[in-house]
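Text of structure_15.cif (mmCIF, C-alpha atoms) as supplied:
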```
data_run
loop_
_atom_site.label_atom_id
_atom_site.label_comp_id
_atom_site.auth_asym_id
_atom_site.auth_seq_id
_atom_site.Cartn_x
_atom_site.Cartn_y
_atom_site.Cartn_z
CA MET A 1 4.34 -4.60 -21.37
CA ALA A 2 7.13 -4.60 -18.81
CA ALA A 3 5.16 -2.24 -16.63
CA GLY A 4 2.71 -5.03 -15.97
CA ASN A 5 5.40 -7.03 -14.22
CA SER A 6 5.90 -4.36 -11.64
CA PRO A 7 6.34 -6.05 -8.28
CA MET A 8 4.14 -3.58 -6.43
CA PRO A 9 0.96 -1.77 -7.30
CA GLY A 10 2.05 0.01 -10.43
CA ALA A 11 2.98 3.62 -10.48
CA GLY A 12 0.58 5.46 -12.65
CA ALA A 13 -2.34 3.19 -11.87
CA ALA A 14 -5.31 5.46 -12.04
CA GLN A 15 -8.00 5.95 -9.46
CA ARG A 16 -11.10 7.63 -10.79
CA TYR A 17 -13.49 9.56 -8.66
CA GLY A 18 -16.79 11.07 -9.48
CA SER A 19 -19.42 10.27 -12.02
CA GLY A 20 -18.09 9.44 -15.38
CA ASN A 21 -19.64 8.39 -18.60
CA GLY A 22 -20.90 4.84 -18.75
CA ALA A 23 -17.67 3.45 -20.12
CA ALA A 24 -15.58 4.41 -17.13
CA THR A 25 -15.16 1.99 -14.30
CA SER A 26 -15.56 3.81 -11.07
CA GLY A 27 -12.69 3.42 -8.67
CA GLY A 28 -11.04 0.57 -10.56
CA ARG A 29 -7.41 0.22 -11.56
CA GLN A 30 -6.79 1.56 -15.02
CA PRO A 31 -3.88 0.56 -17.19
CA THR A 32 -1.35 3.35 -17.26
CA ASN A 33 -2.30 5.85 -19.90
CA LEU A 34 0.33 6.29 -22.62
CA GLY A 35 -0.13 10.04 -22.55
CA ASP A 36 0.72 10.12 -18.84
CA ILE A 37 3.92 8.20 -19.46
CA LEU A 38 4.93 10.15 -22.55
CA GLU A 39 4.47 13.54 -21.04
CA ARG A 40 6.71 12.44 -18.20
CA VAL A 41 9.47 10.51 -19.96
CA LEU A 42 9.68 12.75 -22.98
CA ASP A 43 8.47 16.13 -21.94
CA LYS A 44 9.98 16.19 -18.49
CA GLY A 45 12.82 14.27 -16.97
CA LEU A 46 16.39 15.35 -16.56
CA VAL A 47 17.93 16.68 -19.74
CA ILE A 48 21.62 15.92 -20.07
CA ALA A 49 22.59 15.62 -23.67
CA GLY A 50 23.80 12.22 -24.71
CA ASP A 51 26.67 12.24 -27.18
CA ILE A 52 24.90 9.77 -29.46
CA GLN A 53 21.36 10.79 -29.87
CA VAL A 54 19.14 12.81 -31.99
CA ASN A 55 20.86 16.12 -31.57
CA LEU A 56 19.33 18.53 -29.17
CA LEU A 57 17.38 20.50 -31.72
CA ASP A 58 15.74 17.37 -33.01
CA ILE A 59 14.85 16.21 -29.54
CA GLU A 60 13.15 19.51 -28.92
CA LEU A 61 11.30 19.16 -32.18
CA LEU A 62 10.11 15.76 -31.13
CA THR A 63 9.00 17.17 -27.83
CA ILE A 64 6.86 19.68 -29.62
CA LYS A 65 5.39 17.04 -31.87
CA LEU A 66 4.51 14.94 -28.87
CA ARG A 67 2.99 17.88 -27.12
CA LEU A 68 0.81 18.49 -30.08
CA VAL A 69 -0.32 14.92 -29.96
CA ILE A 70 -0.85 15.03 -26.24
CA ALA A 71 -2.36 18.45 -25.95
CA SER A 72 -5.79 19.22 -27.09
CA LEU A 73 -5.31 22.91 -27.44
CA ASP A 74 -8.54 23.78 -29.12
CA THR A 75 -10.69 21.94 -26.63
CA ALA A 76 -8.89 23.52 -23.75
CA ARG A 77 -9.18 26.99 -25.22
CA GLU A 78 -12.84 26.45 -25.66
CA VAL A 79 -13.30 26.03 -21.93
CA GLY A 80 -11.07 28.98 -21.23
CA ILE A 81 -7.91 27.43 -19.88
CA ASN A 82 -4.86 28.84 -21.53
CA TRP A 83 -2.13 28.72 -18.94
CA TRP A 84 0.34 27.15 -21.35
CA GLU A 85 0.28 30.19 -23.56
CA ASN A 86 3.13 31.45 -21.43
CA ASP A 87 4.88 28.19 -22.10
CA PRO A 88 7.85 28.92 -24.35
CA TRP A 89 7.22 25.75 -26.31
CA LEU A 90 3.75 26.59 -27.34
CA SER A 91 3.98 30.32 -27.71
CA ALA A 92 4.88 32.03 -30.96
CA ASP A 93 8.41 32.75 -29.79
CA ALA A 94 9.05 29.12 -29.01
CA GLY A 95 12.41 28.66 -30.63
CA ARG A 96 14.04 31.85 -29.52
CA ARG A 97 13.49 31.45 -25.82
CA ALA A 98 13.80 27.78 -25.31
CA LEU A 99 16.34 26.46 -27.72
CA PRO A 100 19.60 28.11 -26.84
CA GLY A 101 21.45 27.53 -23.64
CA LYS A 102 20.00 24.19 -22.64
CA SER A 103 23.23 22.45 -23.38
CA ALA A 104 26.81 23.25 -24.04
CA ARG A 105 26.33 21.35 -27.27
CA GLY A 106 23.55 23.51 -28.60
CA GLU A 107 25.56 25.02 -31.38
CA VAL A 108 22.65 25.66 -33.66
CA ASP A 109 21.77 28.67 -35.68
CA ASP A 110 19.11 30.02 -33.36
CA GLY A 111 17.20 32.28 -35.71
CA ASP A 112 17.00 29.70 -38.41
CA ALA A 113 16.13 26.96 -35.97
CA ALA A 114 13.29 28.99 -34.50
CA GLY A 115 11.89 29.63 -37.94
CA ARG A 116 11.99 25.98 -38.84
CA LEU A 117 10.43 25.05 -35.52
CA ARG A 118 7.57 27.41 -36.07
CA GLU A 119 7.02 26.13 -39.57
CA GLU A 120 7.13 22.51 -38.40
CA ASN A 121 4.83 23.35 -35.52
CA ARG A 122 2.33 25.03 -37.81
CA ARG A 123 2.37 22.14 -40.23
CA LEU A 124 1.84 19.59 -37.46
CA ARG A 125 -1.03 21.50 -35.96
CA GLY A 126 -2.71 21.42 -39.32
CA ARG A 127 -2.13 17.72 -39.66
CA ILE A 128 -3.49 16.95 -36.23
CA ARG A 129 -6.53 19.08 -36.82
CA ALA A 130 -7.13 17.20 -40.05
CA LEU A 131 -6.72 13.87 -38.31
CA GLU A 132 -9.01 14.76 -35.44
CA SER A 133 -11.73 16.12 -37.64
CA GLY A 134 -11.55 13.00 -39.75
CA ARG A 135 -12.74 10.77 -36.93
CA MET B 1 32.54 -0.69 -26.54
CA SER B 2 31.49 -1.90 -29.94
CA GLU B 3 30.76 0.71 -32.54
CA ASP B 4 27.30 -0.74 -32.95
CA THR B 5 26.37 -0.34 -29.29
CA GLY B 6 25.21 2.70 -27.38
CA ILE B 7 24.47 3.33 -23.71
CA TRP B 8 20.84 4.11 -22.89
CA THR B 9 20.44 6.06 -19.66
CA TYR B 10 17.46 5.68 -17.31
CA ALA B 11 18.26 7.46 -14.12
CA ILE B 12 20.98 8.99 -12.01
CA THR B 13 21.46 8.53 -8.31
CA GLU B 14 24.09 9.16 -5.69
CA ASP B 15 26.66 6.45 -5.45
CA GLY B 16 25.92 6.07 -1.75
CA HIS B 17 22.23 5.26 -2.29
CA LEU B 18 23.07 1.96 -3.92
CA SER B 19 24.79 0.34 -0.99
CA GLY B 20 23.33 -0.55 2.37
CA PRO B 21 24.53 -2.51 5.39
CA ASP B 22 23.88 -5.74 3.50
CA GLY B 23 25.71 -4.80 0.33
CA GLU B 24 24.82 -3.28 -3.01
CA VAL B 25 21.36 -3.05 -4.49
CA ASP B 26 20.90 -5.80 -7.05
CA LEU B 27 19.45 -4.61 -10.32
CA SER B 28 20.16 -7.71 -12.37
CA TRP B 29 16.47 -8.67 -12.32
CA VAL B 30 15.51 -5.46 -14.08
CA THR B 31 15.35 -5.53 -17.86
CA GLY B 32 15.29 -2.34 -19.81
CA VAL B 33 14.79 -1.12 -23.32
CA GLY B 34 15.09 -3.92 -25.86
CA GLU B 35 15.11 -6.55 -23.07
CA ALA B 36 18.68 -5.60 -22.13
CA LYS B 37 19.95 -6.05 -18.58
CA VAL B 38 20.25 -2.88 -16.56
CA ARG B 39 23.70 -2.12 -15.19
CA ILE B 40 25.33 0.76 -13.38
CA ILE B 41 28.16 3.15 -14.16
CA THR B 42 29.66 5.01 -11.22
CA CYS B 43 31.75 8.17 -11.60
CA SER B 44 32.27 11.39 -9.64
CA GLY B 45 30.14 10.16 -6.74
CA LEU B 46 27.13 9.59 -9.00
CA THR B 47 25.73 6.40 -10.48
CA ALA B 48 23.92 6.12 -13.78
CA LEU B 49 21.49 3.26 -14.47
CA VAL B 50 22.05 2.23 -18.04
CA SER B 51 21.73 -0.61 -20.49
CA ASP B 52 23.36 -1.35 -23.82
CA VAL B 53 21.31 -0.73 -26.93
CA SER B 54 21.88 -1.44 -30.57
CA LEU B 55 22.61 1.69 -32.53
CA ALA B 56 20.84 0.11 -35.47
CA GLU B 57 17.63 0.74 -33.52
CA PHE B 58 18.63 3.48 -31.10
CA GLY B 59 21.31 5.44 -32.97
CA GLU B 60 20.63 8.98 -34.06
CA GLY B 61 19.10 8.27 -37.44
CA ALA B 62 17.09 5.28 -36.28
CA LEU B 63 15.82 7.11 -33.20
CA ARG B 64 14.61 10.00 -35.25
CA GLU B 65 12.48 7.67 -37.31
CA ASN B 66 11.40 5.36 -34.53
CA LEU B 67 10.26 8.17 -32.25
CA GLU B 68 7.72 9.07 -34.89
CA ASN B 69 6.22 5.60 -34.65
CA LEU B 70 3.69 5.67 -31.84
CA ASP B 71 3.71 1.89 -31.32
CA TRP B 72 7.48 1.80 -31.04
CA LEU B 73 7.40 4.83 -28.78
CA ASP B 74 4.71 3.26 -26.60
CA GLU B 75 6.78 0.16 -26.00
CA VAL B 76 10.09 1.95 -25.42
CA ALA B 77 8.50 4.57 -23.18
CA ARG B 78 6.97 1.83 -21.02
CA GLU B 79 10.27 -0.07 -20.84
CA HIS B 80 12.10 3.11 -19.89
CA HIS B 81 9.45 3.91 -17.30
CA TYR B 82 9.52 0.39 -15.89
CA VAL B 83 13.23 0.61 -15.03
CA ILE B 84 12.89 4.04 -13.46
CA ASP B 85 9.80 3.00 -11.54
CA ALA B 86 11.37 -0.19 -10.23
CA ALA B 87 14.58 1.57 -9.18
CA ALA B 88 12.73 4.50 -7.60
CA ARG B 89 11.16 2.06 -5.15
CA LEU B 90 14.64 1.10 -4.00
CA PHE B 91 16.51 4.39 -3.76
CA PRO B 92 16.18 8.12 -4.50
CA LEU B 93 16.93 8.98 -8.13
CA LEU B 94 16.54 11.45 -10.96
CA PRO B 95 14.68 10.09 -13.98
CA VAL B 96 16.52 10.89 -17.22
CA ARG B 97 14.60 11.90 -20.30
CA LEU B 98 13.81 9.24 -22.87
CA ALA B 99 16.38 8.72 -25.62
CA THR B 100 19.48 9.91 -23.81
CA VAL B 101 22.12 7.74 -25.47
CA TYR B 102 25.91 7.79 -25.03
CA SER B 103 28.67 6.29 -27.13
CA GLY B 104 30.25 4.46 -24.21
CA ASP B 105 30.86 4.35 -20.46
CA ALA B 106 33.49 7.08 -20.75
CA ALA B 107 30.95 9.45 -22.32
CA VAL B 108 28.49 8.75 -19.48
CA CYS B 109 31.25 9.55 -16.97
CA ALA B 110 32.07 12.76 -18.80
CA ALA B 111 28.42 13.84 -18.56
CA LEU B 112 28.23 12.96 -14.84
CA ALA B 113 31.36 15.02 -14.23
CA GLU B 114 30.26 17.94 -16.39
CA HIS B 115 26.86 18.28 -14.70
CA ASN B 116 27.96 17.15 -11.26
CA GLY B 117 26.77 20.16 -9.29
CA GLN B 118 23.43 20.39 -11.05
CA LEU B 119 22.81 16.68 -10.56
CA PHE B 120 23.56 16.72 -6.86
CA ASP B 121 21.34 19.78 -6.45
CA ALA B 122 18.48 18.09 -8.25
CA LEU B 123 18.91 14.88 -6.26
CA GLY B 124 18.72 16.91 -3.07
CA ARG B 125 15.57 18.61 -4.29
CA VAL B 126 13.54 15.70 -5.64
CA GLY B 127 15.42 12.50 -4.81
CA GLY B 128 13.25 10.16 -2.77
CA ARG B 129 10.13 12.22 -3.33
CA VAL B 130 7.15 10.99 -5.31
CA GLU B 131 4.75 12.70 -7.63
CA TRP B 132 1.02 12.24 -7.99
CA GLY B 133 -0.87 13.13 -11.10
CA VAL B 134 -4.32 14.67 -10.88
CA LYS B 135 -6.61 15.24 -13.83
CA ALA B 136 -10.07 16.71 -13.79
CA TYR B 137 -12.91 16.66 -16.30
CA PRO B 138 -16.47 17.89 -16.19
CA ALA B 139 -18.45 15.11 -14.53
CA GLN B 140 -21.01 14.76 -17.29
CA GLU B 141 -22.04 16.21 -20.54
CA PRO B 142 -25.09 18.25 -19.62
CA GLU B 143 -28.10 16.07 -20.35
CA ALA B 144 -30.15 17.07 -23.35
CA ALA B 145 -32.92 18.37 -21.06
CA PRO B 146 -35.26 15.38 -21.29
CA GLU B 147 -38.90 16.05 -22.03
CA SER B 148 -40.99 15.41 -18.96
CA GLY B 149 -42.41 11.92 -18.89
CA LYS B 150 -39.98 10.38 -21.33
CA PRO B 151 -36.53 10.67 -19.82
CA GLU B 152 -34.63 8.20 -21.96
CA SER B 153 -36.33 8.29 -25.34
CA ASP B 154 -35.73 11.02 -27.82
CA LYS B 155 -32.13 11.60 -26.82
CA ALA B 156 -31.22 13.33 -30.01
CA GLY B 157 -34.05 15.78 -29.66
CA PRO B 158 -36.05 17.12 -32.59
CA ALA B 159 -34.12 18.04 -35.67
CA PRO B 160 -33.22 21.71 -35.65
CA PRO B 161 -35.19 23.83 -38.01
CA ALA B 162 -33.28 25.18 -40.94
CA GLY B 163 -31.65 28.51 -40.32
CA ASN B 164 -29.17 30.12 -38.06
CA LEU B 165 -29.56 29.33 -34.36
CA ALA B 166 -27.79 32.51 -33.40
CA GLY B 167 -30.64 34.41 -34.95
CA GLY B 168 -33.07 32.82 -32.50
CA GLY B 169 -33.36 35.98 -30.41
CA ALA B 170 -35.14 37.77 -33.19
CA GLY B 171 -37.71 35.02 -33.51
CA GLU B 172 -38.65 35.15 -29.88
CA ASP B 173 -41.19 37.91 -30.30
CA ALA B 174 -42.50 36.56 -33.53
CA GLY B 175 -45.87 35.88 -31.92
CA PRO B 176 -47.99 32.76 -31.95
CA GLY B 177 -46.84 31.92 -35.44
CA GLY B 178 -43.48 30.72 -33.99
CA GLY B 179 -44.87 27.29 -33.10
CA ALA B 180 -42.58 24.28 -32.76
CA GLY B 181 -39.59 26.05 -34.28
CA LEU B 182 -39.72 28.79 -31.68
CA ALA B 183 -40.12 26.31 -28.85
CA TYR B 184 -37.13 24.46 -30.16
CA LEU B 185 -35.04 27.59 -30.31
CA LYS B 186 -35.98 28.54 -26.76
CA ARG B 187 -35.19 25.11 -25.47
CA ARG B 188 -31.95 25.02 -27.40
CA ARG B 189 -30.88 28.37 -26.08
CA ALA B 190 -31.65 27.32 -22.52
CA GLN B 191 -29.58 24.21 -23.07
CA LEU B 192 -26.65 26.20 -24.40
CA THR B 193 -26.81 28.61 -21.50
CA ALA B 194 -26.96 25.76 -19.02
CA ALA B 195 -24.04 24.03 -20.76
CA ARG B 196 -22.00 27.22 -20.61
CA GLU B 197 -22.71 27.64 -16.93
CA THR B 198 -21.91 24.03 -16.20
CA LYS B 199 -18.64 24.42 -18.03
CA ALA B 200 -17.71 27.58 -16.16
CA THR B 201 -18.55 25.95 -12.84
CA ALA B 202 -16.36 22.97 -13.69
CA VAL B 203 -13.44 25.16 -14.77
CA ASN B 204 -13.65 27.12 -11.52
CA ALA B 205 -13.86 23.93 -9.52
CA ALA B 206 -10.78 22.53 -11.28
CA GLN B 207 -8.87 25.67 -10.40
CA ALA B 208 -9.99 25.41 -6.80
CA VAL B 209 -8.88 21.79 -6.65
CA HIS B 210 -5.49 22.74 -8.06
CA ALA B 211 -5.05 25.56 -5.55
CA ASP B 212 -5.99 23.27 -2.70
CA LEU B 213 -3.62 20.50 -3.74
CA THR B 214 -0.80 22.94 -4.51
CA ALA B 215 -0.93 24.06 -0.89
CA LYS B 216 -0.33 20.47 0.19
CA ALA B 217 2.55 19.77 -2.20
CA THR B 218 6.25 20.60 -2.17
CA ASP B 219 6.10 21.62 -5.81
CA THR B 220 3.68 21.57 -8.73
CA ARG B 221 3.79 21.29 -12.51
CA LEU B 222 0.96 21.88 -14.91
CA TYR B 223 0.74 19.85 -18.09
CA PRO B 224 -1.26 20.73 -21.17
CA ALA B 225 -4.59 19.00 -21.39
CA GLN B 226 -4.44 15.67 -23.16
CA SER B 227 -6.48 15.02 -26.24
CA ALA B 228 -9.51 12.80 -25.92
CA GLN B 229 -7.68 10.15 -27.93
CA LEU B 230 -4.99 9.80 -25.30
CA SER B 231 -7.10 10.38 -22.22
CA GLY B 232 -9.84 8.04 -23.37
CA VAL B 233 -12.36 10.49 -21.98
CA ARG B 234 -14.71 12.48 -24.17
CA GLN B 235 -15.00 15.48 -21.92
CA PRO B 236 -12.34 18.19 -22.13
CA MET B 237 -9.55 17.85 -19.61
CA LEU B 238 -9.71 20.83 -17.27
CA LEU B 239 -6.69 20.06 -15.14
CA ASN B 240 -3.60 17.97 -15.75
CA ALA B 241 -1.14 18.54 -12.95
CA ALA B 242 1.69 16.82 -11.10
CA TYR B 243 2.36 17.33 -7.40
CA LEU B 244 5.67 16.59 -5.70
CA LEU B 245 5.44 15.10 -2.21
CA ASP B 246 7.50 13.52 0.48
CA PRO B 247 6.53 9.85 0.33
CA GLY B 248 5.15 10.05 3.85
CA ASP B 249 2.62 12.63 2.70
CA SER B 250 1.05 10.39 0.08
CA VAL B 251 -1.67 9.10 2.38
CA THR B 252 -2.78 12.58 3.39
CA PHE B 253 -2.60 13.77 -0.19
CA THR B 254 -4.63 10.96 -1.69
CA ALA B 255 -7.21 11.38 1.06
CA ALA B 256 -7.38 15.07 0.21
CA VAL B 257 -7.98 14.21 -3.44
CA ALA B 258 -10.78 11.85 -2.51
CA GLY B 259 -12.27 14.56 -0.29
CA LEU B 260 -12.13 17.11 -3.10
CA ALA B 261 -13.77 14.63 -5.45
CA THR B 262 -16.63 14.32 -2.98
CA ALA B 263 -16.87 18.06 -2.50
CA HIS B 264 -16.85 18.76 -6.23
CA ARG B 265 -19.50 16.57 -7.77
CA GLU B 266 -19.34 18.71 -10.89
CA LEU B 267 -15.91 17.21 -11.61
CA ARG B 268 -14.62 13.82 -12.41
CA ILE B 269 -11.19 13.55 -10.84
CA GLU B 270 -8.54 11.04 -11.79
CA LEU B 271 -5.54 10.31 -9.64
CA THR B 272 -2.39 8.56 -10.85
CA GLY B 273 0.70 7.59 -8.93
CA PRO B 274 2.87 7.37 -7.10
CA TRP B 275 5.25 8.23 -9.91
CA PRO B 276 8.99 8.69 -9.69
CA PRO B 277 9.56 12.45 -9.62
CA TYR B 278 9.73 12.84 -13.40
CA SER B 279 8.09 16.20 -13.62
CA PHE B 280 10.51 17.82 -11.22
CA ALA B 281 13.87 16.39 -12.26
CA GLY B 282 14.86 19.06 -14.77
CA ASP B 283 15.49 22.73 -14.07
CA ASP B 284 12.31 23.42 -15.90
CA ASP B 285 12.29 27.16 -16.13
CA GLY B 286 9.31 26.78 -18.43
CA HIS B 287 6.78 26.84 -15.61
#
```

Do you think you could lay out the structure here as structure tokens?
Amino acid sequence: MAAGNSPMPGAGAAQRYGSGNGAATSGGRQPTNLGDILERVLDKGLVIAGDIQVNLLDIELLTIKLRLVIASLDTAREVGINWWENDPWLSADAGRRALPGKSARGEVDDGDAAGRLREENRRLRGRIRALESGR
Amino acid sequence: MSEDTGIWTYAITEDGHLSGPDGEVDLSWVTGVGEAKVRIITCSGLTALVSDVSLAEFGEGALRENLENLDWLDEVAREHHYVIDAAARLFPLLPVRLATVYSGDAAVCAALAEHNGQLFDALGRVGGRVEWGVKAYPAQEPEAAPESGKPESDKAGPAPPAGNLAGGGAGEDAGPGGGAGLAYLKRRRAQLTAARETKATAVNAAQAVHADLTAKATDTRLYPAQSAQLSGVRQPMLLNAAYLLDPGDSVTFTAAVAGLATAHRELRIELTGPWPPYSFAGDDDGH
């Protein structure tokens, strides 16, 4: 919504090159893709913990959920790209490496948190698979 | 500050960036999350762009629920982005991650003081720079090898014979009795081989494009591939990267992308930007 009022050509406007499928307009302005915005505003961006906010652990959980929505892991694996497997968030050791130390406020029980993260992650993967296969 | 109100943070900049010879930058025309006016809080030589939000919608409990709602998230993410994008056109800044909410101005000041060194470092590194997003997909699904003479009809091809396709190799020498089934299997196998080769070529090309663009950028981040639902493209995403540039390099960079798109017909390349330097604002030891 608000992004449409941008006074200059909007950031994130997409330029497409190359042959696409019939539905794609070639070289036209595309509305900014939600995935592009989400991966930037939620996944990246400066992290300084607010004092009122979903506490840090929950924010990280949300990040993982969003990544699972954004990422199409199976498709990507199929074509042999797997660079994010070194990514602490998506690897099996996710919680242990990434959770502690990001903030002075991160007083969470690390082992327990990692376990819950993994469980949550596993459950979400299953749900997304089910959703995608249901289309 | 009322107990029902929190401070939503969009971006952080150096105090000095906001004032010029003609006075302070005016941000009163910018509306943020929940249609609230954007205002500034200055402490420790840094300025935070913020707006007031209702804790009924943006407090801890409410946020946790609302962030699960993709429509709500879509709207708030775009509002958050709009403020950062508008401000980034006016002065160098660090985008702050979505849903960073403080209890009051004093809490914002405490955070600016606590992270002062890190924030100035990051502003020096990315402030004023822009990022461009580049995605690549295979240009086309390999065509279903049209029969000669009837290119468009019969797209679906003949129905596969019952049985396991992987076992097709054994049938190859089955002699003249193979008939239509054997021909189908041969054609199918050729199609699969061609599809595999096309895929491999596209993956290699995407890596080449990334290497080429990385050499032209100050810094690079790789994102996971987006699902087809979010990308709106059926083909698998082979590259999803962000490149950090000095704003003066944008022309050269975008020309380079166009050149690569011409050189790599096997890819469909999508360019987005210029973005505020989102992907480079954090320490990001993950990549």

The PyMOL selection byres ((chain B and resi 200) around 12) resolved against shown file, as a ChimeraX atom specification: /A:78-81 /B:137-138,193-199,201-207,238,266-267

> Excluding same-chain residues fewer than 4 positions from B:Glu57, what lies within 10 Å of it counting only C-alpha atoms, as a PyMOL selection string?
Replying inline: chain B and resi 4-6+34+53+61-66

Requested in this report: Within 10 Å of (1.0, 12.0, -9.1) (coordinates as in the file), grab all the protein and nucleic acid residues, counting all atoms listed in the file, and write them out as a PyMOL selection string.
Outcome: (chain A and resi 11-14+36) or (chain B and resi 130-135+220+241-245+250+253-254+270-279)

**OP:** Determine the residue set returned by the PyMOL selection byres ((chain B and resi 3) around 12) for the present structure, and present it as a VMD selection string.
**Re:** (chain A and resid 52) or (chain B and resid 1 to 2 4 to 7 52 to 56 59 102 to 104)

*Who sits within 9 Å of B:His80, all atoms listed in the file, same chain under 3 positions skipped, as number ranges by chain*: A: 41; B: 9-10, 32-33, 75-77, 83-85, 98

Pick out the residues sitting within 8 Å of stretch 120-126 of chain B, and hand them over as a tab-separated table (two decimals) with C-alpha atoms, in the frame of the given file; count only C-alpha atoms, and ignore anything fewer than 4 positions along from it in its own chain.
```
chain	number	residue	atom	x	y	z
B	13	THR	CA	21.46	8.53	-8.31
B	14	GLU	CA	24.09	9.16	-5.69
B	92	PRO	CA	16.18	8.12	-4.50
B	93	LEU	CA	16.93	8.98	-8.13
B	94	LEU	CA	16.54	11.45	-10.96
B	116	ASN	CA	27.96	17.15	-11.26
B	130	VAL	CA	7.15	10.99	-5.31
B	244	LEU	CA	5.67	16.59	-5.70
B	277	PRO	CA	9.56	12.45	-9.62
B	280	PHE	CA	10.51	17.82	-11.22
B	281	ALA	CA	13.87	16.39	-12.26
B	282	GLY	CA	14.86	19.06	-14.77
```

To one decimal place, how far is atom CA of A:Arg127 from atom CA of B:Arg234 in Å?
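Rounded to one decimal, the two atoms are 20.6 Å apart.
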
Separating atom CA of A:Leu46 from atom CA of B:Glu60, to the nearest tenth of an Å, is a gap of 19.1 Å

Tell me, in Å to one decimal, how far atom CA of B:Asp105 is from atom CA of B:Arg39.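 Atom-to-atom, atom CA of B:Asp105 to atom CA of B:Arg39, that is 11.0 Å.
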
Using all atoms listed in the file, the best pick from B:Leu49, B:Ala263, B:Ile12, B:Val101 as closest to B:Gly127 would be B:Ile12

Can you tell me, as an NGL selection string, what residues are no more than 8 Å from B:Ala111 when counting only C-alpha atoms, ignoring any on the same chain fewer than 6 positions away?
:A and (48-50)
